[in-house]
>>> print(open('my_file34.txt').read())   # compact mmCIF, C-alpha atoms and all ligand atoms
# COMPACT_ATOMS: atom_id res chain seq x y z
CA MET F 77 19.72 20.65 -5.11
CA GLU F 78 17.55 17.79 -6.22
CA GLU F 79 16.29 15.58 -3.45
CA ALA F 80 17.70 12.05 -3.38
CA ALA F 81 15.39 9.48 -4.94
CA ARG F 82 13.97 6.97 -2.46
CA ILE F 83 14.43 3.38 -3.56
CA PHE F 84 12.60 0.49 -1.94
CA ILE F 85 14.56 -2.77 -2.01
CA VAL F 86 12.24 -5.78 -1.74
CA GLU F 87 14.48 -8.80 -1.35
CA ASP F 88 14.38 -11.69 1.10
CA GLU F 89 18.03 -12.65 0.73
CA ARG F 90 19.63 -10.50 3.37
CA ARG F 91 23.05 -10.58 1.74
CA ILE F 92 21.74 -9.24 -1.58
CA ALA F 93 19.51 -6.67 0.11
CA ARG F 94 22.44 -5.39 2.14
CA PHE F 95 24.68 -5.26 -0.93
CA LEU F 96 22.07 -3.32 -2.94
CA GLN F 97 21.49 -0.96 -0.04
CA MET F 98 25.20 -0.17 0.30
CA GLU F 99 25.70 0.34 -3.41
CA LEU F 100 22.63 2.54 -3.81
CA GLU F 101 23.39 4.68 -0.79
CA HIS F 102 26.94 5.06 -2.05
CA GLU F 103 25.41 6.48 -5.26
CA GLY F 104 23.44 9.00 -3.19
CA PHE F 105 20.03 7.30 -3.16
CA LYS F 106 17.94 6.89 -0.05
CA THR F 107 16.87 3.31 0.58
CA ALA F 108 14.56 1.12 2.62
CA THR F 109 14.39 -2.68 2.59
CA GLU F 110 11.70 -5.29 3.12
CA SER F 111 11.95 -9.08 3.00
CA ASN F 112 8.28 -10.07 3.29
CA GLY F 113 6.12 -9.88 0.17
CA ARG F 114 2.84 -8.93 1.80
CA ARG F 115 4.40 -6.23 3.94
CA ALA F 116 6.29 -4.97 0.89
CA TYR F 117 3.00 -4.57 -0.99
CA GLU F 118 1.51 -2.50 1.83
CA ARG F 119 4.62 -0.38 2.21
CA ILE F 120 4.81 0.36 -1.52
CA LEU F 121 1.30 1.80 -1.32
CA GLN F 122 1.69 3.58 1.99
CA GLU F 123 5.23 4.90 1.87
CA ASN F 124 6.15 7.19 -0.94
CA TYR F 125 8.99 5.61 -2.96
CA ASP F 126 10.42 6.84 -6.25
CA LEU F 127 11.33 3.36 -7.46
CA VAL F 128 10.96 -0.26 -6.33
CA LEU F 129 13.49 -3.05 -6.84
CA LEU F 130 11.34 -6.14 -6.62
CA ASP F 131 12.63 -9.68 -6.15
CA LEU F 132 10.46 -12.39 -7.76
CA MET F 133 10.47 -15.14 -5.14
CA LEU F 134 9.35 -13.75 -1.78
CA PRO F 135 7.58 -15.13 1.28
CA GLU F 136 3.78 -14.64 1.52
CA MET F 137 3.31 -12.75 -1.77
CA ASP F 138 5.56 -13.12 -4.82
CA GLY F 139 6.93 -10.32 -6.95
CA LEU F 140 4.52 -10.90 -9.84
CA GLU F 141 1.49 -10.64 -7.57
CA ILE F 142 2.88 -7.57 -5.83
CA CYS F 143 3.52 -5.92 -9.18
CA ARG F 144 0.06 -6.76 -10.50
CA ASN F 145 -1.62 -5.42 -7.36
CA VAL F 146 0.49 -2.29 -7.13
CA ARG F 147 -0.20 -1.44 -10.76
CA GLN F 148 -3.93 -1.15 -10.09
CA LEU F 149 -3.18 1.76 -7.79
CA SER F 150 0.22 3.25 -8.51
CA ASP F 151 2.60 3.91 -11.39
CA VAL F 152 5.76 3.87 -9.27
CA PRO F 153 8.61 2.51 -11.43
CA ILE F 154 9.31 -1.16 -10.70
CA ILE F 155 12.40 -3.09 -11.71
CA MET F 156 11.98 -6.81 -11.19
CA LEU F 157 14.94 -8.87 -10.03
CA THR F 158 14.98 -12.61 -10.38
CA ALA F 159 17.35 -15.51 -10.04
CA LYS F 160 15.55 -17.34 -12.82
CA ASP F 161 16.65 -16.64 -16.36
CA ASP F 162 13.28 -17.65 -17.61
CA LEU F 163 11.79 -16.08 -20.70
CA GLU F 164 8.26 -16.73 -19.50
CA ASP F 165 8.89 -14.81 -16.28
CA LYS F 166 10.41 -11.99 -18.27
CA VAL F 167 7.32 -11.68 -20.42
CA ASN F 168 5.12 -12.00 -17.34
CA GLY F 169 7.01 -9.36 -15.42
CA LEU F 170 6.67 -6.80 -18.19
CA ASP F 171 3.11 -7.87 -18.99
CA ILE F 172 1.95 -7.03 -15.53
CA GLY F 173 3.53 -3.63 -15.55
CA ALA F 174 7.12 -3.91 -14.40
CA ASN F 175 9.16 -1.16 -16.08
CA ASP F 176 12.28 -3.24 -16.42
CA TYR F 177 13.71 -6.59 -15.59
CA MET F 178 17.10 -7.94 -14.48
CA THR F 179 18.35 -11.45 -13.95
CA LYS F 180 20.59 -12.26 -11.01
CA PRO F 181 23.52 -12.18 -10.86
CA PHE F 182 23.72 -8.74 -12.46
CA ALA F 183 26.43 -6.13 -12.74
CA ILE F 184 25.68 -3.35 -10.28
CA GLN F 185 26.67 -0.71 -12.84
CA GLU F 186 24.04 -1.99 -15.23
CA LEU F 187 21.40 -1.97 -12.51
CA LEU F 188 22.33 1.61 -11.57
CA ALA F 189 22.04 2.66 -15.21
CA ARG F 190 18.59 1.09 -15.45
CA ILE F 191 17.48 2.69 -12.21
CA ARG F 192 18.49 6.12 -13.51
CA ALA F 193 16.76 5.46 -16.83
CA ALA F 194 13.55 4.38 -15.09
CA LEU F 195 13.62 7.43 -12.81
CA ARG F 196 14.16 9.74 -15.78
CA ALA F 197 11.37 8.14 -17.78
CA HIS F 198 9.00 8.52 -14.88
CA GLN F 199 8.56 12.28 -15.00
CA PRO F 200 6.91 13.02 -11.71
CA ALA F 201 3.65 14.87 -12.10
CA ALA F 202 3.45 18.20 -10.36
CA GLU F 203 4.02 17.64 -6.68
CA THR F 204 0.66 16.86 -5.14
CA THR F 205 -0.40 16.66 -1.57
CA ASP F 206 -3.03 14.06 -2.29
CA GLY F 207 -0.64 11.14 -2.72
CA GLU F 208 -1.50 9.55 0.60
CA ILE F 209 -3.23 6.18 0.49
CA LEU F 210 -4.84 4.16 3.28
CA VAL F 211 -5.21 0.44 2.63
CA ALA F 212 -6.94 -2.56 4.21
CA GLY F 213 -6.67 -5.52 1.85
CA ASP F 214 -8.64 -4.66 -1.31
CA LEU F 215 -10.02 -1.50 0.28
CA VAL F 216 -8.19 1.70 -0.60
CA MET F 217 -8.88 5.25 0.55
CA TYR F 218 -7.34 8.34 -1.06
CA PRO F 219 -7.81 10.91 1.71
CA GLY F 220 -6.70 13.88 -0.40
CA ARG F 221 -9.20 13.04 -3.12
CA TYR F 222 -12.07 12.01 -0.88
CA GLU F 223 -12.25 8.67 -2.71
CA VAL F 224 -12.76 5.08 -1.63
CA LYS F 225 -12.35 2.03 -3.83
CA VAL F 226 -12.72 -1.69 -3.25
CA LYS F 227 -11.07 -3.92 -5.87
CA GLY F 228 -10.81 -0.82 -8.03
CA GLU F 229 -14.55 -0.06 -7.84
CA PRO F 230 -15.60 3.28 -6.38
CA VAL F 231 -17.70 3.33 -3.22
CA GLU F 232 -20.03 6.26 -2.55
CA LEU F 233 -20.01 7.38 1.07
CA THR F 234 -21.62 10.22 2.97
CA LYS F 235 -19.36 12.60 4.85
CA LYS F 236 -19.85 10.89 8.23
CA GLU F 237 -19.43 7.41 6.76
CA TYR F 238 -16.23 8.59 5.14
CA MET F 239 -14.91 10.11 8.37
CA LEU F 240 -15.72 6.94 10.28
CA LEU F 241 -13.97 4.75 7.71
CA GLU F 242 -10.94 7.05 7.66
CA TYR F 243 -10.66 6.88 11.45
CA LEU F 244 -10.84 3.07 11.37
CA LEU F 245 -8.26 2.88 8.57
CA ARG F 246 -5.83 5.23 10.28
CA ASN F 247 -5.97 2.88 13.26
CA LYS F 248 -6.00 -0.38 11.31
CA ARG F 249 -5.87 -3.53 13.50
CA MET F 250 -6.54 -1.41 16.61
CA VAL F 251 -9.84 -1.91 18.38
CA LEU F 252 -11.63 1.41 18.80
CA SER F 253 -14.31 1.84 21.44
CA ARG F 254 -17.68 3.44 20.67
CA ASP F 255 -16.65 6.38 22.85
CA GLN F 256 -13.40 6.93 20.96
CA ILE F 257 -15.23 6.77 17.65
CA LEU F 258 -18.00 9.05 18.87
CA GLN F 259 -15.56 11.68 20.16
CA THR F 260 -13.35 11.62 17.07
CA VAL F 261 -15.98 11.42 14.33
CA TRP F 262 -18.94 13.20 15.91
CA GLY F 263 -17.06 15.42 18.35
CA TYR F 264 -17.01 15.92 22.11
CA ASP F 265 -20.12 18.04 22.06
CA TYR F 266 -22.26 15.48 20.30
CA ILE F 267 -25.54 15.10 22.10
CA GLY F 268 -27.61 12.37 20.67
CA ASP F 269 -28.02 8.66 20.64
CA THR F 270 -24.71 6.84 21.23
CA ASN F 271 -26.10 4.09 19.03
CA VAL F 272 -25.22 6.36 16.14
CA VAL F 273 -21.84 4.59 15.93
CA ASP F 274 -23.48 1.19 15.51
CA VAL F 275 -25.87 2.62 12.94
CA TYR F 276 -23.04 4.06 10.83
CA ILE F 277 -20.98 0.89 11.17
CA ARG F 278 -24.01 -0.89 9.71
CA TYR F 279 -24.14 1.59 6.80
CA LEU F 280 -20.45 1.03 6.07
CA ARG F 281 -20.86 -2.73 6.25
CA SER F 282 -23.70 -2.71 3.77
CA LYS F 283 -21.76 -0.47 1.35
CA ILE F 284 -18.46 -2.32 1.71
CA ASP F 285 -18.41 -5.71 3.46
CA GLU F 286 -21.75 -6.91 2.12
CA ARG F 287 -21.45 -5.43 -1.34
CA PHE F 288 -18.03 -6.94 -1.94
CA GLY F 289 -18.56 -10.13 0.07
CA GLN F 290 -15.51 -9.54 2.21
CA LYS F 291 -15.28 -8.82 5.93
CA PHE F 292 -13.31 -5.67 6.69
CA ILE F 293 -15.04 -4.25 9.78
CA HIS F 294 -15.05 -6.56 12.79
CA THR F 295 -17.01 -6.23 16.03
CA MET F 296 -15.15 -6.91 19.27
CA ARG F 297 -18.04 -7.65 21.59
CA GLY F 298 -18.23 -5.28 24.52
CA VAL F 299 -15.20 -3.37 23.28
CA GLY F 300 -15.77 -1.74 19.91
CA TYR F 301 -14.81 -2.03 16.27
CA VAL F 302 -11.67 -2.75 14.28
CA ILE F 303 -10.82 -2.79 10.58
CA LYS F 304 -8.45 -5.46 9.30
CA ASP F 305 -7.01 -6.61 5.96
CA CA J 401 13.98 -14.26 -3.18
>>> encode(input="my_file34.txt", output="C-alpha cells")
Amino acid sequence: MEEAARIFIVEDERRIARFLQMELEHEGFKTATESNGRRAYERILQENYDLVLLDLMLPEMDGLEICRNVRQLSDVPIIMLTAKDDLEDKVNGLDIGANDYMTKPFAIQELLARIRAALRAHQPAAETTDGEILVAGDLVMYPGRYEVKVKGEPVELTKKEYMLLEYLLRNKRMVLSRDQILQTVWGYDYIGDTNVVDVYIRYLRSKIDERFGQKFIHTMRGVGYVIKD
C-alpha cells in the first residue's frame, strides 16, 4: 500500500486550518498545521512534507516570502491560498515558484483535485536518505551530502569544522560548553589543548559569520557557544 502523503497546512485562521485538516485527513492524507510564518518556513525545510498549503497573509513572514525562500532549497509542491482575488498576487505566487494557486473561499473538492494533481506531477525522485536539512537563518547544512551553504553559496569546511558546525546546528539555540563540544567533536580521549574549540570556532566565524557579514555563532562568556538564526 502506498504511504499517505503528508500535507503541511500553513494557515493562521484556526477555523480554516481545522477545516482543511479534517477534510484532508478524511481523504486519507496525513496533516500538520502551523500558524506562524517564520516557524512554517523552518518546518517546511526541516520536516519532510509531500505538499504545502500556504496561506498568503501570515504573522512574521508572509506566504510569498516563505515560498521564495523555500524554493531556493526545496522543490516541495506548494499550493498558495489567499483571501485576495488579486491578479497581481496570482502572478507573484506562480512567479516565485508556487505550483498552484487558489482563492478563498474555495470548494474543497476543487482543492483536493489540485492537491492530487500537484502530488502526481511531483514524481518523487528515488527515495534518498540524504534529504535531511539543518537550518539557522540563511545557513543551511545538508548532512547527507556533506554540504554547507549560506544564502545559496557553498562554504568549504574541513572535516572538524564541519563536525563542529553540525553539532552546533543540531543543538540550535542551546548553549554548548567547551567541554561538551570537545567531547562530542574531538572525543573523550582527546589529549591536547582545550583551546582547540576556540580556535575552530574562530575558523568557522571567518568562513561564515565574517564572510557573509551575519552573526550566527555567539559566545556566551564563561559558558560556551551557541548558534542562532
Ligand atoms: Ca491569513
>>> residues_near_ligand(input="my_file34.txt", ligand="ligand CA 401 (chain J)", cutoff="12 Å", atoms="only C-alpha atoms and all ligand atoms", output="ChimeraX atom specification")
/F:85-93,110-113,129-139,156-160,179-180
>>> residues_around(input="my_file34.txt", residues="Lys283 in chain F", least_positions_apart="6", cutoff="12 Å", atoms="all atoms listed in the file", output="VMD selection string")
chain F and resid 215 224 to 226 229 to 234 237 to 238 241 276 to 277 289 to 293
>>> closest_atom_pairs(input="my_file34.txt", of="range 127-158 of chain F", to="range 187-194 of chain F", cutoff="12 Å", atoms="all atoms listed in the file", output="JSON lines")
{"residue": "F:Leu127", "atom": "CA", "partner": "F:Ile191", "partner_atom": "CA", "distance": 7.8}
{"residue": "F:Val128", "atom": "CA", "partner": "F:Ile191", "partner_atom": "CA", "distance": 9.3}
{"residue": "F:Leu129", "atom": "CA", "partner": "F:Ile191", "partner_atom": "CA", "distance": 8.8}
{"residue": "F:Asp151", "atom": "CA", "partner": "F:Ala194", "partner_atom": "CA", "distance": 11.6}
{"residue": "F:Val152", "atom": "CA", "partner": "F:Ala194", "partner_atom": "CA", "distance": 9.7}
{"residue": "F:Pro153", "atom": "CA", "partner": "F:Ala194", "partner_atom": "CA", "distance": 6.4}
{"residue": "F:Ile154", "atom": "CA", "partner": "F:Ala194", "partner_atom": "CA", "distance": 8.2}
{"residue": "F:Ile155", "atom": "CA", "partner": "F:Ile191", "partner_atom": "CA", "distance": 7.7}
{"residue": "F:Met156", "atom": "CA", "partner": "F:Leu187", "partner_atom": "CA", "distance": 10.7}
{"residue": "F:Leu157", "atom": "CA", "partner": "F:Leu187", "partner_atom": "CA", "distance": 9.8}
>>> atom_distance(input="my_file34.txt", atom1="CA of Tyr266 in chain F", atom2="CA of Arg221 in chain F")
26.9 Å
>>> atom_distance(input="my_file34.txt", atom1="CA of Leu240 in chain F", atom2="CA of Val261 in chain F")
6.0 Å
>>> residues_around(input="my_file34.txt", residues="Asn124 in chain F", least_positions_apart="6", cutoff="10 Å", atoms="all atoms listed in the file", output="ChimeraX atom specification")
/F:82-84,152,207-209
>>> atom_distance(input="my_file34.txt", atom1="CA of Asp126 in chain F", atom2="CA of Met98 in chain F")
17.6 Å
>>> closest_residue(input="my_file34.txt", among="F:Thr260, F:Thr109, F:Asn145, F:Ser253", to="Asp214 in chain F", atoms="only C-alpha atoms")
F:Asn145
>>> axis_aligned_box(input="my_file34.txt", around="range 225-230 of chain F", padding_each_side="8 Å", output="AutoDock Vina command-line options")
--center_x -13.2 --center_y -0.3 --center_z -5.6 --size_x 20.8 --size_y 23.2 --size_z 20.8
>>> residues_around(input="my_file34.txt", residues="Phe105 in chain F", least_positions_apart="3", cutoff="10 Å", atoms="only C-alpha atoms", output="PyMOL selection string")
chain F and resi 79-83+97-102
>>> write_last_selection(input="my_file34.txt", atoms="C-alpha atoms", output="mmCIF file, in the coordinates of the input")
data_model
loop_
_atom_site.group_PDB
_atom_site.id
_atom_site.type_symbol
_atom_site.label_atom_id
_atom_site.label_comp_id
_atom_site.auth_asym_id
_atom_site.auth_seq_id
_atom_site.Cartn_x
_atom_site.Cartn_y
_atom_site.Cartn_z
ATOM 1 C CA GLU F 79 16.290 15.580 -3.450
ATOM 2 C CA ALA F 80 17.700 12.050 -3.380
ATOM 3 C CA ALA F 81 15.390 9.480 -4.940
ATOM 4 C CA ARG F 82 13.970 6.970 -2.460
ATOM 5 C CA ILE F 83 14.430 3.380 -3.560
ATOM 6 C CA GLN F 97 21.490 -0.960 -0.040
ATOM 7 C CA MET F 98 25.200 -0.170 0.300
ATOM 8 C CA GLU F 99 25.700 0.340 -3.410
ATOM 9 C CA LEU F 100 22.630 2.540 -3.810
ATOM 10 C CA GLU F 101 23.390 4.680 -0.790
ATOM 11 C CA HIS F 102 26.940 5.060 -2.050
#
>>> closest_residue(input="my_file34.txt", among="F:Met217, F:Tyr125, F:Thr270, F:Met250", to="Lys106 in chain F", atoms="all atoms listed in the file")
F:Tyr125
>>> residues_around(input="my_file34.txt", residues="Gly173 in chain F", least_positions_apart="6", cutoff="8 Å", atoms="only C-alpha atoms", output="PDB file with C-alpha atoms, in the coordinates of the input")
ATOM      1  CA  CYS F 143       3.520  -5.920  -9.180  1.00  0.00           C
ATOM      2  CA  ARG F 144       0.060  -6.760 -10.500  1.00  0.00           C
ATOM      3  CA  ARG F 147      -0.200  -1.440 -10.760  1.00  0.00           C
ATOM      4  CA  ILE F 154       9.310  -1.160 -10.700  1.00  0.00           C
TER       5      ILE F 154
END
>>> closest_residue(input="my_file34.txt", among="F:Arg297, F:Trp262, F:Gly213, F:Ala116", to="Lys235 in chain F", atoms="all atoms listed in the file")
F:Trp262
>>> closest_residue(input="my_file34.txt", among="F:Leu280, F:Ile172, F:Ala183, F:Val251", to="Val299 in chain F", atoms="all atoms listed in the file")
F:Val251
>>> residues_near_point(input="my_file34.txt", point="(-17.0, 11.3, 15.6)", cutoff="10 Å", atoms="all atoms listed in the file", output="PyMOL selection string")
chain F and resi 236-237+239-240+243+254-266+272-273
>>> write_last_selection(input="my_file34.txt", atoms="C-alpha atoms", output="short mmCIF file (atom, residue, chain, number, x, y, z; two decimals), in the coordinates of the input")
data_model
loop_
_atom_site.label_atom_id
_atom_site.label_comp_id
_atom_site.auth_asym_id
_atom_site.auth_seq_id
_atom_site.Cartn_x
_atom_site.Cartn_y
_atom_site.Cartn_z
CA LYS F 236 -19.85 10.89 8.23
CA GLU F 237 -19.43 7.41 6.76
CA MET F 239 -14.91 10.11 8.37
CA LEU F 240 -15.72 6.94 10.28
CA TYR F 243 -10.66 6.88 11.45
CA ARG F 254 -17.68 3.44 20.67
CA ASP F 255 -16.65 6.38 22.85
CA GLN F 256 -13.40 6.93 20.96
CA ILE F 257 -15.23 6.77 17.65
CA LEU F 258 -18.00 9.05 18.87
CA GLN F 259 -15.56 11.68 20.16
CA THR F 260 -13.35 11.62 17.07
CA VAL F 261 -15.98 11.42 14.33
CA TRP F 262 -18.94 13.20 15.91
CA GLY F 263 -17.06 15.42 18.35
CA TYR F 264 -17.01 15.92 22.11
CA ASP F 265 -20.12 18.04 22.06
CA TYR F 266 -22.26 15.48 20.30
CA VAL F 272 -25.22 6.36 16.14
CA VAL F 273 -21.84 4.59 15.93
#
>>> decode(input="my_file34.txt", residues="range 108-134 of chain F", atoms="N, CA, C and O atoms", output="mmCIF file, in the first residue's frame")
data_model
loop_
_atom_site.group_PDB
_atom_site.id
_atom_site.type_symbol
_atom_site.label_atom_id
_atom_site.label_comp_id
_atom_site.auth_asym_id
_atom_site.auth_seq_id
_atom_site.Cartn_x
_atom_site.Cartn_y
_atom_site.Cartn_z
ATOM 1 N N ALA F 108 -0.224 18.262 9.163
ATOM 2 C CA ALA F 108 0.310 19.017 10.289
ATOM 3 C C ALA F 108 -0.063 20.466 10.004
ATOM 4 O O ALA F 108 -0.255 20.837 8.845
ATOM 5 N N THR F 109 -0.203 21.275 11.049
ATOM 6 C CA THR F 109 -0.585 22.673 10.831
ATOM 7 C C THR F 109 0.400 23.606 11.526
ATOM 8 O O THR F 109 1.068 23.246 12.483
ATOM 9 N N GLU F 110 0.460 24.823 10.975
ATOM 10 C CA GLU F 110 1.311 25.865 11.581
ATOM 11 C C GLU F 110 0.671 27.214 11.268
ATOM 12 O O GLU F 110 0.211 27.439 10.155
ATOM 13 N N SER F 111 0.656 28.107 12.254
ATOM 14 C CA SER F 111 0.001 29.405 12.055
ATOM 15 C C SER F 111 1.003 30.553 11.930
ATOM 16 O O SER F 111 0.647 31.637 11.502
ATOM 17 N N ASN F 112 2.256 30.308 12.298
ATOM 18 C CA ASN F 112 3.263 31.374 12.257
ATOM 19 C C ASN F 112 4.159 31.210 11.022
ATOM 20 O O ASN F 112 4.689 30.135 10.772
ATOM 21 N N GLY F 113 4.327 32.300 10.273
ATOM 22 C CA GLY F 113 5.045 32.217 9.005
ATOM 23 C C GLY F 113 6.491 31.791 9.153
ATOM 24 O O GLY F 113 6.984 30.955 8.402
ATOM 25 N N ARG F 114 7.196 32.382 10.111
ATOM 26 C CA ARG F 114 8.615 32.070 10.253
ATOM 27 C C ARG F 114 8.832 30.617 10.677
ATOM 28 O O ARG F 114 9.689 29.918 10.164
ATOM 29 N N ARG F 115 7.982 30.179 11.621
ATOM 30 C CA ARG F 115 8.102 28.780 12.050
ATOM 31 C C ARG F 115 7.743 27.836 10.910
ATOM 32 O O ARG F 115 8.349 26.787 10.738
ATOM 33 N N ALA F 116 6.744 28.246 10.115
ATOM 34 C CA ALA F 116 6.328 27.420 8.978
ATOM 35 C C ALA F 116 7.502 27.223 8.024
ATOM 36 O O ALA F 116 7.772 26.122 7.554
ATOM 37 N N TYR F 117 8.221 28.317 7.752
ATOM 38 C CA TYR F 117 9.371 28.241 6.845
ATOM 39 C C TYR F 117 10.387 27.218 7.351
ATOM 40 O O TYR F 117 10.849 26.354 6.614
ATOM 41 N N GLU F 118 10.700 27.305 8.648
ATOM 42 C CA GLU F 118 11.675 26.354 9.210
ATOM 43 C C GLU F 118 11.169 24.920 9.139
ATOM 44 O O GLU F 118 11.910 24.000 8.807
ATOM 45 N N ARG F 119 9.881 24.751 9.440
ATOM 46 C CA ARG F 119 9.341 23.383 9.465
ATOM 47 C C ARG F 119 9.280 22.778 8.062
ATOM 48 O O ARG F 119 9.458 21.576 7.890
ATOM 49 N N ILE F 120 9.005 23.623 7.056
ATOM 50 C CA ILE F 120 8.969 23.106 5.684
ATOM 51 C C ILE F 120 10.334 22.523 5.320
ATOM 52 O O ILE F 120 10.443 21.475 4.694
ATOM 53 N N LEU F 121 11.396 23.210 5.765
ATOM 54 C CA LEU F 121 12.740 22.738 5.428
ATOM 55 C C LEU F 121 13.165 21.550 6.280
ATOM 56 O O LEU F 121 13.917 20.696 5.829
ATOM 57 N N GLN F 122 12.702 21.529 7.516
ATOM 58 C CA GLN F 122 13.216 20.516 8.442
ATOM 59 C C GLN F 122 12.368 19.252 8.489
ATOM 60 O O GLN F 122 12.878 18.170 8.748
ATOM 61 N N GLU F 123 11.069 19.404 8.267
ATOM 62 C CA GLU F 123 10.191 18.246 8.357
ATOM 63 C C GLU F 123 9.855 17.875 6.908
ATOM 64 O O GLU F 123 9.790 18.720 6.052
ATOM 65 N N ASN F 124 9.665 16.632 6.677
ATOM 66 C CA ASN F 124 9.648 16.173 5.295
ATOM 67 C C ASN F 124 8.217 16.047 4.756
ATOM 68 O O ASN F 124 7.634 14.989 4.821
ATOM 69 N N TYR F 125 7.659 17.143 4.223
ATOM 70 C CA TYR F 125 6.281 17.099 3.732
ATOM 71 C C TYR F 125 6.230 16.803 2.237
ATOM 72 O O TYR F 125 7.161 17.103 1.502
ATOM 73 N N ASP F 126 5.090 16.236 1.817
ATOM 74 C CA ASP F 126 4.905 15.946 0.392
ATOM 75 C C ASP F 126 4.281 17.127 -0.343
ATOM 76 O O ASP F 126 4.406 17.235 -1.561
ATOM 77 N N LEU F 127 3.577 17.986 0.415
ATOM 78 C CA LEU F 127 2.940 19.137 -0.212
ATOM 79 C C LEU F 127 2.636 20.169 0.873
ATOM 80 O O LEU F 127 2.358 19.814 2.014
ATOM 81 N N VAL F 128 2.688 21.455 0.474
ATOM 82 C CA VAL F 128 2.406 22.527 1.436
ATOM 83 C C VAL F 128 1.230 23.352 0.932
ATOM 84 O O VAL F 128 1.217 23.788 -0.219
ATOM 85 N N LEU F 129 0.227 23.539 1.800
ATOM 86 C CA LEU F 129 -0.838 24.501 1.532
ATOM 87 C C LEU F 129 -0.443 25.769 2.263
ATOM 88 O O LEU F 129 -0.289 25.769 3.483
ATOM 89 N N LEU F 130 -0.255 26.846 1.507
ATOM 90 C CA LEU F 130 0.371 28.031 2.085
ATOM 91 C C LEU F 130 -0.535 29.249 1.972
ATOM 92 O O LEU F 130 -0.816 29.734 0.875
ATOM 93 N N ASP F 131 -1.003 29.724 3.112
ATOM 94 C CA ASP F 131 -1.793 30.952 3.169
ATOM 95 C C ASP F 131 -0.890 32.134 2.810
ATOM 96 O O ASP F 131 0.321 32.080 3.033
ATOM 97 N N LEU F 132 -1.471 33.205 2.263
ATOM 98 C CA LEU F 132 -0.648 34.353 1.856
ATOM 99 C C LEU F 132 -0.326 35.270 3.037
ATOM 100 O O LEU F 132 0.833 35.581 3.293
ATOM 101 N N MET F 133 -1.363 35.684 3.768
ATOM 102 C CA MET F 133 -1.141 36.620 4.869
ATOM 103 C C MET F 133 -0.924 35.845 6.157
ATOM 104 O O MET F 133 -1.835 35.189 6.649
ATOM 105 N N LEU F 134 0.303 35.949 6.690
ATOM 106 C CA LEU F 134 0.673 35.197 7.895
ATOM 107 C C LEU F 134 1.501 36.086 8.813
ATOM 108 O O LEU F 134 2.210 36.965 8.332
#
